[in-house]
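Colleague: File protein00.txt follows (compact mmCIF, C-alpha atoms):
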# COMPACT_ATOMS: atom_id res chain seq x y z
CA MET C 1 30.32 17.33 -8.66
CA TYR C 2 27.21 16.42 -6.74
CA THR C 3 26.99 13.31 -4.64
CA VAL C 4 23.59 11.98 -3.67
CA ALA C 5 23.13 10.98 -0.08
CA PHE C 6 19.92 10.36 1.81
CA PRO C 7 20.87 11.13 5.36
CA MET C 8 17.55 10.24 6.91
CA LYS C 9 17.88 10.15 10.66
CA HIS C 10 16.87 7.01 12.51
CA ASP C 11 13.78 8.79 13.86
CA GLN C 12 12.72 9.78 10.36
CA LYS C 13 13.08 6.22 9.06
CA VAL C 14 11.09 4.90 12.02
CA PHE C 15 8.43 7.51 11.32
CA LEU C 16 8.11 6.42 7.67
CA ILE C 17 7.88 2.72 8.57
CA LYS C 18 5.27 3.42 11.26
CA PHE C 19 3.38 5.73 8.88
CA PHE C 20 3.05 3.13 6.11
CA ALA C 21 2.25 0.31 8.57
CA ALA C 22 -0.44 2.42 10.26
CA LEU C 23 -1.87 3.55 6.92
CA ILE C 24 -2.17 0.00 5.57
CA ALA C 25 -3.73 -1.22 8.84
CA MET C 26 -6.27 1.62 8.80
CA TYR C 27 -7.00 1.10 5.12
CA LEU C 28 -7.76 -2.57 5.75
CA LEU C 29 -10.04 -1.57 8.64
CA VAL C 30 -11.90 1.03 6.59
CA ALA C 31 -12.18 -1.30 3.57
CA TRP C 32 -13.68 -4.05 5.77
CA ASN C 33 -17.36 -4.27 4.81
CA PRO C 34 -18.90 -3.89 8.32
CA VAL C 35 -16.84 -0.75 8.97
CA ASN C 36 -17.53 0.58 5.49
CA ASP C 37 -21.29 -0.07 5.78
CA HIS C 38 -21.78 1.15 9.37
CA VAL C 39 -19.25 3.98 9.63
CA ILE C 40 -17.97 5.21 6.27
CA VAL C 41 -21.24 5.16 4.30
CA PRO C 42 -23.26 6.97 7.03
CA ALA C 43 -20.44 9.52 7.40
CA THR C 44 -20.45 10.03 3.63
CA ARG C 45 -24.23 10.52 3.72
CA GLY C 46 -23.70 13.22 6.35
CA ILE C 47 -21.12 14.90 4.13
CA ALA C 48 -23.58 14.78 1.22
CA VAL C 49 -26.39 16.27 3.35
CA ALA C 50 -24.13 19.12 4.50
CA ALA C 51 -22.98 19.83 0.93
CA GLY C 52 -26.62 19.69 -0.27
CA ALA C 53 -27.67 22.20 2.41
CA LEU C 54 -24.83 24.56 1.43
CA LEU C 55 -25.75 24.25 -2.26
CA HIS C 56 -29.38 25.07 -1.35
CA ALA C 57 -28.13 28.11 0.55
CA ILE C 58 -26.45 29.45 -2.60
CA GLY C 59 -29.59 28.90 -4.69
CA GLN C 60 -28.99 25.47 -6.21
CA ASN C 61 -32.07 23.30 -6.44
CA VAL C 62 -30.52 19.98 -5.49
CA ILE C 63 -31.86 16.79 -3.98
CA VAL C 64 -29.71 14.61 -1.75
CA SER C 65 -30.39 10.90 -1.94
CA GLY C 66 -28.00 8.73 0.03
CA THR C 67 -24.53 9.81 -1.09
CA THR C 68 -25.78 11.42 -4.32
CA ILE C 69 -26.41 15.14 -4.84
CA ALA C 70 -28.52 15.68 -7.94
CA SER C 71 -30.39 18.32 -9.85
CA SER C 72 -31.78 18.54 -13.36
CA ARG C 73 -28.39 19.90 -14.47
CA PHE C 74 -25.91 17.51 -12.88
CA ALA C 75 -25.40 14.81 -10.27
CA VAL C 76 -22.41 13.85 -8.14
CA ASN C 77 -22.11 10.62 -6.20
CA ILE C 78 -19.74 10.88 -3.26
CA ASN C 79 -17.65 7.73 -3.02
CA ASN C 80 -14.55 6.77 -1.10
CA GLY C 81 -11.85 9.04 -2.43
CA CYS C 82 -14.26 12.00 -2.51
CA ASN C 83 -15.39 11.94 1.12
CA GLY C 84 -12.13 13.14 2.67
CA ILE C 85 -11.63 9.82 4.46
CA GLU C 86 -8.42 9.19 2.50
CA ALA C 87 -6.95 12.51 3.68
CA MET C 88 -8.06 11.81 7.25
CA LEU C 89 -6.40 8.37 7.14
CA ILE C 90 -3.13 9.92 5.96
CA LEU C 91 -3.39 12.57 8.67
CA LEU C 92 -4.20 9.95 11.30
CA ALA C 93 -1.27 7.75 10.23
CA ALA C 94 1.14 10.69 10.17
CA ILE C 95 0.08 12.18 13.51
CA GLY C 96 -0.13 8.75 15.15
CA SER C 97 3.39 7.85 13.96
CA PHE C 98 4.97 11.11 15.06
CA PRO C 99 6.55 11.22 18.53
CA ALA C 100 4.19 13.40 20.57
CA THR C 101 1.99 13.23 23.64
CA TRP C 102 -1.46 11.65 23.28
CA ARG C 103 -3.03 14.98 24.19
CA ALA C 104 -1.15 16.73 21.37
CA ARG C 105 -2.11 13.95 18.96
CA LEU C 106 -5.81 14.13 19.88
CA ILE C 107 -5.86 17.91 19.52
CA GLY C 108 -4.05 17.62 16.17
CA LEU C 109 -6.41 14.96 14.91
CA GLY C 110 -9.49 16.90 16.00
CA ILE C 111 -8.43 20.17 14.38
CA GLY C 112 -7.02 18.39 11.32
CA ALA C 113 -10.23 16.42 10.77
CA VAL C 114 -12.30 19.63 10.89
CA ILE C 115 -9.97 21.37 8.40
CA VAL C 116 -9.94 18.39 6.03
CA GLN C 117 -13.73 18.05 6.08
CA PHE C 118 -14.21 21.81 5.66
CA ILE C 119 -11.99 21.77 2.55
CA ASN C 120 -13.72 18.60 1.37
CA GLU C 121 -17.14 20.29 1.56
CA ILE C 122 -15.75 23.10 -0.60
CA ARG C 123 -14.46 20.43 -3.00
CA ILE C 124 -17.86 18.75 -3.32
CA ILE C 125 -19.72 22.02 -3.77
CA SER C 126 -17.24 23.30 -6.35
CA LEU C 127 -17.25 20.00 -8.23
CA TYR C 128 -21.04 20.06 -8.40
CA LEU C 129 -20.95 23.65 -9.70
CA ILE C 130 -18.19 22.86 -12.21
CA GLY C 131 -20.10 19.79 -13.40
CA ALA C 132 -23.30 21.82 -13.75
CA TYR C 133 -21.85 24.93 -15.39
CA ARG C 134 -18.40 24.02 -16.81
CA PRO C 135 -18.58 20.26 -17.44
CA SER C 136 -15.50 20.29 -19.67
CA LEU C 137 -13.38 21.16 -16.61
CA PHE C 138 -14.94 18.54 -14.34
CA GLN C 139 -12.49 15.71 -15.05
CA ILE C 140 -9.32 17.69 -14.42
CA PHE C 141 -10.71 19.29 -11.25
CA HIS C 142 -12.11 16.00 -10.00
CA THR C 143 -8.94 14.01 -10.63
CA ALA C 144 -5.91 16.22 -10.29
CA VAL C 145 -6.85 19.49 -8.65
CA TRP C 146 -9.13 18.78 -5.73
CA GLN C 147 -7.76 15.40 -4.66
CA VAL C 148 -4.26 16.88 -4.46
CA VAL C 149 -5.49 20.03 -2.70
CA VAL C 150 -7.26 18.03 0.02
CA ILE C 151 -4.25 15.75 0.61
CA LEU C 152 -1.86 18.70 0.46
CA ALA C 153 -3.95 20.49 3.08
CA ALA C 154 -3.74 17.45 5.35
CA ILE C 155 0.06 17.20 4.88
CA ILE C 156 0.61 20.93 5.44
CA PHE C 157 -1.50 20.76 8.58
CA PHE C 158 0.60 17.79 9.75
CA LEU C 159 3.83 19.73 9.10
CA GLN C 160 2.51 22.71 11.04
CA TRP C 161 1.39 20.49 13.90
CA SER C 162 4.66 18.52 13.97
CA ALA C 163 6.72 21.73 13.96
CA ARG C 164 4.67 22.91 16.92
CA VAL C 165 4.87 19.73 19.01
CA ALA C 166 8.53 18.92 18.19
CA PRO C 167 10.10 22.11 16.83
CA ASN C 168 13.71 20.89 16.84
CA ARG C 169 13.44 17.15 16.35
CA LEU C 170 11.94 15.03 13.65
CA ALA C 171 10.10 17.73 11.72
CA ASN C 172 13.39 19.55 11.23
CA GLY C 173 15.27 16.41 10.40
CA SER C 174 17.77 17.49 13.02
CA MET K 1 10.73 21.85 8.00
CA PRO K 2 10.01 25.43 9.03
CA ARG K 3 6.48 26.43 9.89
CA ILE K 4 4.45 27.20 6.80
CA ASP K 5 4.35 30.94 6.28
CA TRP K 6 2.64 32.83 3.45
CA GLN K 7 5.76 32.75 1.29
CA THR K 8 6.02 28.97 1.61
CA ALA K 9 2.30 28.57 0.93
CA LEU K 10 2.65 30.69 -2.22
CA LYS K 11 5.62 28.57 -3.37
CA GLY K 12 3.50 25.46 -2.84
CA LEU K 13 0.60 26.99 -4.77
CA ALA K 14 2.87 28.04 -7.65
CA GLY K 15 4.49 24.58 -7.70
CA PHE K 16 1.06 22.97 -7.70
CA VAL K 17 -0.24 25.09 -10.62
CA VAL K 18 2.91 24.56 -12.70
CA ALA K 19 2.84 20.83 -11.92
CA VAL K 20 -0.81 20.52 -13.04
CA VAL K 21 0.02 22.23 -16.36
CA ILE K 22 3.10 20.02 -16.93
CA TRP K 23 1.22 16.87 -15.91
CA VAL K 24 -1.72 17.61 -18.25
CA ALA K 25 0.62 18.41 -21.15
CA ALA K 26 2.96 15.46 -20.59
CA SER K 27 0.37 12.81 -19.71
CA PRO K 28 -0.17 11.40 -23.25
CA LEU K 29 3.59 10.83 -23.63
CA TYR K 30 4.07 9.69 -20.05
CA ASP K 31 1.18 7.21 -20.37
CA ARG K 32 3.12 5.51 -23.17
CA ALA K 33 6.20 5.17 -20.97
CA VAL K 34 4.14 3.76 -18.10
CA ALA K 35 2.26 1.39 -20.45
CA ALA K 36 5.55 0.12 -21.93
CA GLY K 37 6.97 -0.53 -18.47
CA ALA K 38 3.82 -2.25 -17.21
CA GLU K 39 3.57 -4.40 -20.36
CA ALA K 40 7.19 -5.53 -19.94
CA LEU K 41 6.57 -6.30 -16.27
CA LEU K 42 3.39 -8.30 -16.93
CA ARG K 43 4.92 -10.22 -19.84
CA ALA K 44 7.93 -11.11 -17.68
CA PHE K 45 5.59 -13.22 -15.54
CA GLU K 46 3.39 -14.58 -18.36
CA SER K 47 3.76 -17.79 -20.29
CA PRO K 48 2.90 -17.48 -23.11
CA LYS K 49 3.44 -13.71 -23.28
CA VAL K 50 0.01 -12.41 -24.33
CA THR K 51 -0.59 -8.97 -22.78
CA HIS K 52 -0.37 -5.87 -24.96
CA LEU K 53 -0.91 -2.40 -23.50
CA THR K 54 -1.46 0.42 -25.96
CA ALA K 55 -1.62 4.07 -24.90
CA THR K 56 -4.17 5.89 -27.06
CA GLY K 57 -3.61 9.39 -25.71
CA GLU K 58 -6.75 9.20 -23.55
CA ASP K 59 -6.36 5.81 -21.93
CA VAL K 60 -4.43 2.56 -22.13
CA LYS K 61 -6.14 -0.29 -23.98
CA VAL K 62 -5.64 -3.73 -22.47
CA ASP K 63 -5.35 -6.45 -25.07
CA ARG K 64 -4.41 -10.12 -24.92
CA SER K 65 -3.54 -12.15 -27.97
CA ASP K 66 -5.67 -15.02 -26.60
CA PHE K 67 -8.84 -12.87 -26.41
CA ASP K 68 -11.61 -13.21 -28.97
CA PRO K 69 -10.76 -10.53 -31.58
CA ARG K 70 -14.44 -9.51 -31.72
CA SER K 71 -14.73 -8.70 -27.99
CA PRO K 72 -14.24 -5.09 -26.82
CA ARG K 73 -10.93 -4.22 -25.12
CA PRO K 74 -11.04 -2.54 -21.71
CA GLY K 75 -9.46 0.92 -21.46
CA LEU K 76 -7.77 2.36 -18.38
CA PRO K 77 -7.44 6.10 -17.74
CA VAL K 78 -3.83 6.10 -16.54
CA ILE K 79 -4.06 9.71 -15.36
CA ASP K 80 -6.06 8.36 -12.39
CA LEU K 81 -2.92 6.50 -11.33
CA THR K 82 -0.30 9.16 -12.02
CA PHE K 83 -1.66 12.46 -10.70
CA ASN K 84 0.14 11.97 -7.38
CA TRP K 85 3.17 13.43 -9.20
CA VAL K 86 1.41 16.82 -8.86
CA LEU K 87 1.39 16.34 -5.08
CA LEU K 88 5.08 15.38 -5.16
CA ALA K 89 5.94 18.51 -7.15
CA ALA K 90 3.94 20.76 -4.82
CA LEU K 91 5.70 19.26 -1.79
CA PHE K 92 9.17 19.79 -3.30
CA ALA K 93 8.12 23.36 -4.16
CA ILE K 94 7.61 24.18 -0.46
CA ASN K 95 11.16 23.10 0.42
CA PRO K 96 13.61 25.89 1.25
CA LYS K 97 15.39 27.01 -1.96
CA PRO K 98 13.20 24.95 -4.32
CA PHE K 99 15.39 25.70 -7.37
CA SER K 100 18.66 24.71 -5.70
CA ASP K 101 20.65 21.90 -7.36
CA ARG K 102 20.12 19.73 -4.30
CA ASN K 103 16.34 20.12 -4.28
CA MET K 104 15.97 19.73 -8.06
CA LEU K 105 18.19 16.63 -8.15
CA ARG K 106 16.21 15.02 -5.39
CA PHE K 107 12.95 15.92 -7.08
CA VAL K 108 14.17 14.18 -10.24
CA ILE K 109 15.19 11.11 -8.21
CA ALA K 110 11.79 11.09 -6.46
CA SER K 111 10.04 11.41 -9.85
CA LEU K 112 12.02 8.46 -11.25
CA LEU K 113 11.13 6.36 -8.21
CA MET K 114 7.52 7.42 -8.63
CA TYR K 115 7.66 6.28 -12.28
CA VAL K 116 8.50 2.79 -10.99
CA THR K 117 5.47 2.91 -8.67
CA HIS K 118 3.29 4.02 -11.60
CA ILE K 119 4.41 0.97 -13.59
CA LEU K 120 3.55 -1.26 -10.63
CA ALA K 121 0.19 0.53 -10.21
CA LEU K 122 -0.77 0.03 -13.87
CA ALA K 123 0.32 -3.62 -13.78
CA THR K 124 -1.82 -4.05 -10.64
CA GLU K 125 -4.76 -2.35 -12.34
CA VAL K 126 -4.45 -4.68 -15.35
CA MET K 127 -4.28 -7.70 -13.05
CA SER K 128 -7.40 -6.50 -11.21
CA ILE K 129 -9.18 -6.35 -14.57
CA TYR K 130 -8.05 -9.89 -15.38
CA VAL K 131 -9.16 -11.30 -12.04
CA LEU K 132 -12.36 -9.31 -11.46
CA ARG K 133 -13.90 -7.74 -14.53
CA LEU K 134 -13.87 -10.25 -17.36
CA GLY K 135 -16.86 -12.30 -16.21
CA ALA K 136 -16.64 -16.06 -16.81
CA TRP K 137 -13.07 -15.76 -18.13
CA SER K 138 -11.93 -14.26 -14.80
CA ARG K 139 -13.69 -16.97 -12.77
CA VAL K 140 -12.17 -19.76 -14.85
CA HIS K 141 -8.61 -18.44 -14.70
CA TYR K 142 -8.33 -16.98 -11.17
CA GLY K 143 -9.35 -18.05 -7.68
CA ALA K 144 -10.65 -16.21 -4.63
CA PHE K 145 -7.18 -15.39 -3.28
CA ALA K 146 -6.09 -13.76 -6.54
CA ARG K 147 -9.35 -11.77 -6.70
CA ASN K 148 -8.92 -10.48 -3.15
CA PHE K 149 -5.20 -9.81 -3.51
CA TRP K 150 -5.27 -7.86 -6.78
CA GLY K 151 -8.56 -6.14 -5.96
CA THR K 152 -7.24 -4.93 -2.60
CA ALA K 153 -3.86 -3.93 -4.05
CA ASN K 154 -5.54 -1.85 -6.75
CA HIS K 155 -8.07 -0.21 -4.44
CA SER K 156 -5.55 0.56 -1.71
CA TYR K 157 -3.25 2.25 -4.24
CA ARG K 158 -6.03 4.42 -5.61
CA PHE K 159 -7.51 5.19 -2.19
CA VAL K 160 -4.49 6.08 -0.05
CA LEU K 161 -1.18 4.58 -1.19
CA MET K 162 -0.70 6.85 -4.19
CA PHE K 163 -0.75 9.89 -1.88
CA ALA K 164 1.31 8.17 0.80
CA ILE K 165 3.96 7.30 -1.81
CA ALA K 166 4.25 10.96 -2.82
CA PHE K 167 4.48 12.02 0.82
CA GLY K 168 6.95 9.21 1.67
CA LEU K 169 9.26 10.03 -1.26
CA TRP K 170 9.26 13.69 -0.34
CA TRP K 171 9.84 12.93 3.34
CA ALA K 172 12.75 10.60 2.54
CA LEU K 173 14.43 12.76 -0.09
CA ARG K 174 13.78 16.34 1.02
CA PRO K 175 16.92 18.29 1.83
CA THR K 176 16.89 18.99 5.55
CA PRO K 177 18.18 22.12 7.28
CA VAL K 178 21.00 19.96 8.71
CA GLU K 179 22.25 19.18 5.18
CA ALA K 180 21.89 22.82 4.17
CA SER K 181 24.03 23.93 7.13
CA ARG K 182 26.58 21.14 6.41
CA SER K 183 26.94 22.23 2.79
CA LYS K 184 27.35 25.84 3.96
CA GLN K 185 30.11 24.71 6.36
CA LYS K 186 31.84 22.74 3.56
CA ALA K 187 31.68 25.77 1.26
CA SER K 188 33.13 28.08 3.90
CA ARG K 189 35.91 25.53 4.64
CA ARG K 190 36.73 25.38 0.92
CA ARG K 191 36.84 29.18 0.77
CA ALA K 192 39.11 29.30 3.84
CA ARG K 193 41.55 26.79 2.25
CA SER K 194 41.79 28.69 -1.07
Kindly present the structure from the file in structure tokens form.
Modeller:
Amino acid sequence: MYTVAFPMKHDQKVFLIKFFAALIAMYLLVAWNPVNDHVIVPATRGIAVAAGALLHAIGQNVIVSGTTIASSRFAVNINNGCNGIEAMLILLAAIGSFPATWRARLIGLGIGAVIVQFINEIRIISLYLIGAYRPSLFQIFHTAVWQVVVILAAIIFFLQWSARVAPNRLANGS
Amino acid sequence: MPRIDWQTALKGLAGFVVAVVIWVAASPLYDRAVAAGAEALLRAFESPKVTHLTATGEDVKVDRSDFDPRSPRPGLPVIDLTFNWVLLAALFAINPKPFSDRNMLRFVIASLLMYVTHILALATEVMSIYVLRLGAWSRVHYGAFARNFWGTANHSYRFVLMFAIAFGLWWALRPTPVEASRSKQKASRRRARS
């Protein structure tokens, strides 16, 4: 007979509470119009420009206008949810809530942000190509595949980082 | 949680692929279950009870018995609210011994808890339609606080909370190495007694 118990350690419970509190606080900050208009939208434009340049490099004749990448075949508009900011917020909340030194947190955030944005650029490029050449697959890749892959990458990076900074504590649940 | 090696990464990838296939195949049926739950929840707080949610296989149609029968009914793609289950499945797949009774039982419990969050998410989405997207009807029936509250709740779920819920459920319910070693000790004690 199996009994169900959830033996979360105190540290793990504290981590979860801090994680959700930090995530909600950061969400409210990012959703605030001045921050959205002066930080998130320019950052998203930068992401679009980088993706446009990479698409040019592989022979796609695209034009980037604001946060939209367009050609005669297809157009993608990069909104919140497609700019990697959501994965970076989750990474920031997780790393910030985990017991570690500030130096370790900053290094983790820096490397994690680069990895998340690198994967996000691949997502945008692949979604453009799928939309242009296999439009029937666009919805499933846009909704389920790439969003989960980007978040999963952020979580796996966090687990790696947390195992490195606290090998025998919270990450192990011990 | 051990460091992620190639074997663990492959387990995660396999879990992710299998989960996508299951999620795509089960979504039409699952949408009905979520729509039924959200309809019951919304009607519990309505007087008179007017909301009807109907899963069509592609989306969920939002209907109210007090709407003009000639006006079009909004449709919600529920898959946008439920795909975090794929993330949950991939995370449970990277646990040590993913097919163990302990891991599978906890995955089922996490999935059931996630079902509750999906009902809440759909109810929130319907409320955000009521307060924000029905033009003059919305303005007449709801004030600024309701618009901000339901709009923010809906957007925050779609933007980050749906992923955080998957991560939080996995974090809270994953079998830890401590439990694994405890169950090993119990098993060896049982063997020693018999």
Colleague: Restricting the calculation to only C-alpha atoms: of C:Thr101, C:Asn83, C:Ser136, C:Asn77, which residue gets closest to Phe159 (chain K)?
Modeller: C:Asn83
Colleague: Would you list the residues near (1.4, 0.3, -17.2) (no more than 6 Å away, in the coordinates of the file, using only C-alpha atoms) as a ChimeraX atom specification?
Modeller: /K:34-35,37-38,119,122-123
Colleague: I'd like to know which of K:Met127, K:Val62, K:Ala153, K:Leu113 is closest to Glu46 (chain K), using only C-alpha atoms.
Modeller: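 Closest residue, counting only C-alpha atoms: K:Met127.
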Colleague: Tell me which of K:Asn95, K:Ser156, K:Thr82, K:Ser47 sits closest to Thr117 (chain K), counting only C-alpha atoms.
Modeller: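 For Thr117 (chain K), the nearest of the candidates is K:Thr82.
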Colleague: Give me, please, the distance in Å between CA of Ala40 (chain K) and CA of Arg73 (chain K), quoted to one decimal.
Modeller: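 We find that CA of Ala40 (chain K) and CA of Arg73 (chain K) lie 18.9 Å from each other.
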Colleague: Show me a table, sorted first by chain and then by increasing residue number, of the residues of chain K having an atom at most 10 Å from chain C, each with its shortest atom pair and the distance in Å to one decimal, counting all atoms listed in the file and written as CSV.
Modeller:
residue,atom,partner,partner_atom,distance
K:Met1,CA,C:Asn172,CA,4.8
K:Pro2,CA,C:Ala163,CA,7.0
K:Arg3,CA,C:Gln160,CA,5.6
K:Ile4,CA,C:Gln160,CA,6.5
K:Asp5,CA,C:Gln160,CA,9.7
K:Ala9,CA,C:Ile156,CA,9.0
K:Gly12,CA,C:Leu152,CA,9.2
K:Leu13,CA,C:Val149,CA,9.5
K:Phe16,CA,C:Val145,CA,8.7
K:Val17,CA,C:Val145,CA,8.9
K:Val20,CA,C:Ala144,CA,7.2
K:Trp23,CA,C:Ala144,CA,9.1
K:Val24,CA,C:Ile140,CA,8.5
K:Ile79,CA,C:Thr143,CA,8.0
K:Asp80,CA,C:Thr143,CA,6.6
K:Leu81,CA,C:Thr143,CA,9.7
K:Thr82,CA,C:Ala144,CA,9.2
K:Phe83,CA,C:Ala144,CA,5.7
K:Asn84,CA,C:Val148,CA,7.2
K:Trp85,CA,C:Val148,CA,9.5
K:Val86,CA,C:Val148,CA,7.2
K:Leu87,CA,C:Val148,CA,5.7
K:Leu88,CA,C:Val148,CA,9.5
K:Ala90,CA,C:Leu152,CA,8.1
K:Leu91,CA,C:Leu152,CA,7.9
K:Ile94,CA,C:Ile156,CA,9.7
K:Asp101,CA,C:Tyr2,CA,8.6
K:Arg102,CA,C:Tyr2,CA,8.2
K:Leu105,CA,C:Val4,CA,8.4
K:Arg106,CA,C:Val4,CA,8.2
K:Ile109,CA,C:Val4,CA,9.6
K:Thr152,CA,C:Leu28,CA,8.7
K:His155,CA,C:Ala31,CA,9.1
K:Ser156,CA,C:Tyr27,CA,7.0
K:Arg158,CA,C:Gly81,CA,8.1
K:Phe159,CA,C:Gly81,CA,5.8
K:Val160,CA,C:Glu86,CA,5.6
K:Leu161,CA,C:Leu23,CA,8.2
K:Phe163,CA,C:Ile151,CA,7.3
K:Ala164,CA,C:Ile90,CA,7.0
K:Ile165,CA,C:Phe20,CA,9.0
K:Phe167,CA,C:Ile155,CA,7.9
K:Gly168,CA,C:Leu16,CA,6.7
K:Leu169,CA,C:Leu16,CA,9.7
K:Trp171,CA,C:Leu16,CA,8.0
K:Ala172,CA,C:Met8,CA,6.5
K:Leu173,CA,C:Phe6,CA,6.3
K:Arg174,CA,C:Phe6,CA,8.6
K:Pro175,CA,C:Phe6,CA,8.5
K:Thr176,CA,C:Gly173,CA,5.7
K:Pro177,CA,C:Asn172,CA,6.7
K:Val178,CA,C:Ser174,CA,5.9
K:Glu179,CA,C:Pro7,CA,8.2
Colleague: Just the number, please: distance in Å from CA of Asp31 (chain K) to CA of Ala121 (chain K), one decimal.
Modeller: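 The value is 12.2 Å.
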Colleague: List as a PyMOL selection string the residues having at least one atom at most 12 Å from position (-23.1, 17.1, -4.2) as given in the file, counting all atoms listed in the file.
Modeller: chain C and resi 44-56+60-71+73-79+82-83+120-132
Colleague: Output C-alpha atoms for every residue in the selection just made, as a PDB file, in the coordinates of the input.
Modeller:
ATOM      1  CA  THR C  44     -20.450  10.030   3.630  1.00  0.00           C
ATOM      2  CA  ARG C  45     -24.230  10.520   3.720  1.00  0.00           C
ATOM      3  CA  GLY C  46     -23.700  13.220   6.350  1.00  0.00           C
ATOM      4  CA  ILE C  47     -21.120  14.900   4.130  1.00  0.00           C
ATOM      5  CA  ALA C  48     -23.580  14.780   1.220  1.00  0.00           C
ATOM      6  CA  VAL C  49     -26.390  16.270   3.350  1.00  0.00           C
ATOM      7  CA  ALA C  50     -24.130  19.120   4.500  1.00  0.00           C
ATOM      8  CA  ALA C  51     -22.980  19.830   0.930  1.00  0.00           C
ATOM      9  CA  GLY C  52     -26.620  19.690  -0.270  1.00  0.00           C
ATOM     10  CA  ALA C  53     -27.670  22.200   2.410  1.00  0.00           C
ATOM     11  CA  LEU C  54     -24.830  24.560   1.430  1.00  0.00           C
ATOM     12  CA  LEU C  55     -25.750  24.250  -2.260  1.00  0.00           C
ATOM     13  CA  HIS C  56     -29.380  25.070  -1.350  1.00  0.00           C
ATOM     14  CA  GLN C  60     -28.990  25.470  -6.210  1.00  0.00           C
ATOM     15  CA  ASN C  61     -32.070  23.300  -6.440  1.00  0.00           C
ATOM     16  CA  VAL C  62     -30.520  19.980  -5.490  1.00  0.00           C
ATOM     17  CA  ILE C  63     -31.860  16.790  -3.980  1.00  0.00           C
ATOM     18  CA  VAL C  64     -29.710  14.610  -1.750  1.00  0.00           C
ATOM     19  CA  SER C  65     -30.390  10.900  -1.940  1.00  0.00           C
ATOM     20  CA  GLY C  66     -28.000   8.730   0.030  1.00  0.00           C
ATOM     21  CA  THR C  67     -24.530   9.810  -1.090  1.00  0.00           C
ATOM     22  CA  THR C  68     -25.780  11.420  -4.320  1.00  0.00           C
ATOM     23  CA  ILE C  69     -26.410  15.140  -4.840  1.00  0.00           C
ATOM     24  CA  ALA C  70     -28.520  15.680  -7.940  1.00  0.00           C
ATOM     25  CA  SER C  71     -30.390  18.320  -9.850  1.00  0.00           C
ATOM     26  CA  ARG C  73     -28.390  19.900 -14.470  1.00  0.00           C
ATOM     27  CA  PHE C  74     -25.910  17.510 -12.880  1.00  0.00           C
ATOM     28  CA  ALA C  75     -25.400  14.810 -10.270  1.00  0.00           C
ATOM     29  CA  VAL C  76     -22.410  13.850  -8.140  1.00  0.00           C
ATOM     30  CA  ASN C  77     -22.110  10.620  -6.200  1.00  0.00           C
ATOM     31  CA  ILE C  78     -19.740  10.880  -3.260  1.00  0.00           C
ATOM     32  CA  ASN C  79     -17.650   7.730  -3.020  1.00  0.00           C
ATOM     33  CA  CYS C  82     -14.260  12.000  -2.510  1.00  0.00           C
ATOM     34  CA  ASN C  83     -15.390  11.940   1.120  1.00  0.00           C
ATOM     35  CA  ASN C 120     -13.720  18.600   1.370  1.00  0.00           C
ATOM     36  CA  GLU C 121     -17.140  20.290   1.560  1.00  0.00           C
ATOM     37  CA  ILE C 122     -15.750  23.100  -0.600  1.00  0.00           C
ATOM     38  CA  ARG C 123     -14.460  20.430  -3.000  1.00  0.00           C
ATOM     39  CA  ILE C 124     -17.860  18.750  -3.320  1.00  0.00           C
ATOM     40  CA  ILE C 125     -19.720  22.020  -3.770  1.00  0.00           C
ATOM     41  CA  SER C 126     -17.240  23.300  -6.350  1.00  0.00           C
ATOM     42  CA  LEU C 127     -17.250  20.000  -8.230  1.00  0.00           C
ATOM     43  CA  TYR C 128     -21.040  20.060  -8.400  1.00  0.00           C
ATOM     44  CA  LEU C 129     -20.950  23.650  -9.700  1.00  0.00           C
ATOM     45  CA  ILE C 130     -18.190  22.860 -12.210  1.00  0.00           C
ATOM     46  CA  GLY C 131     -20.100  19.790 -13.400  1.00  0.00           C
ATOM     47  CA  ALA C 132     -23.300  21.820 -13.750  1.00  0.00           C
TER      48      ALA C 132
END
Colleague: So the first atom is CA of Phe145 (chain K) and the second is CA of Tyr130 (chain K); what is the distance between them in Å, to one decimal place?
Modeller: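 Straight-line distance from CA of Phe145 (chain K) to CA of Tyr130 (chain K) works out to 13.3 Å.
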Colleague: Which residue out of C:Gly84, C:Leu92, C:Lys18, C:Tyr133 has the minimum interatomic distance to Ile107 (chain C) when only C-alpha atoms are used?
Modeller: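 Among the listed residues, C:Leu92 lies closest to Ile107 (chain C).
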Colleague: Could you work out an axis-aligned bounding box for all listed atoms of region 22-27 of chain K, with 5 Å added on each of the six sides, and give its centre and edge lengths in Å to one decimal, as JSON?
Modeller:
{"center_x": 0.7, "center_y": 16.4, "center_z": -18.5, "size_x": 14.8, "size_y": 17.2, "size_z": 15.2}
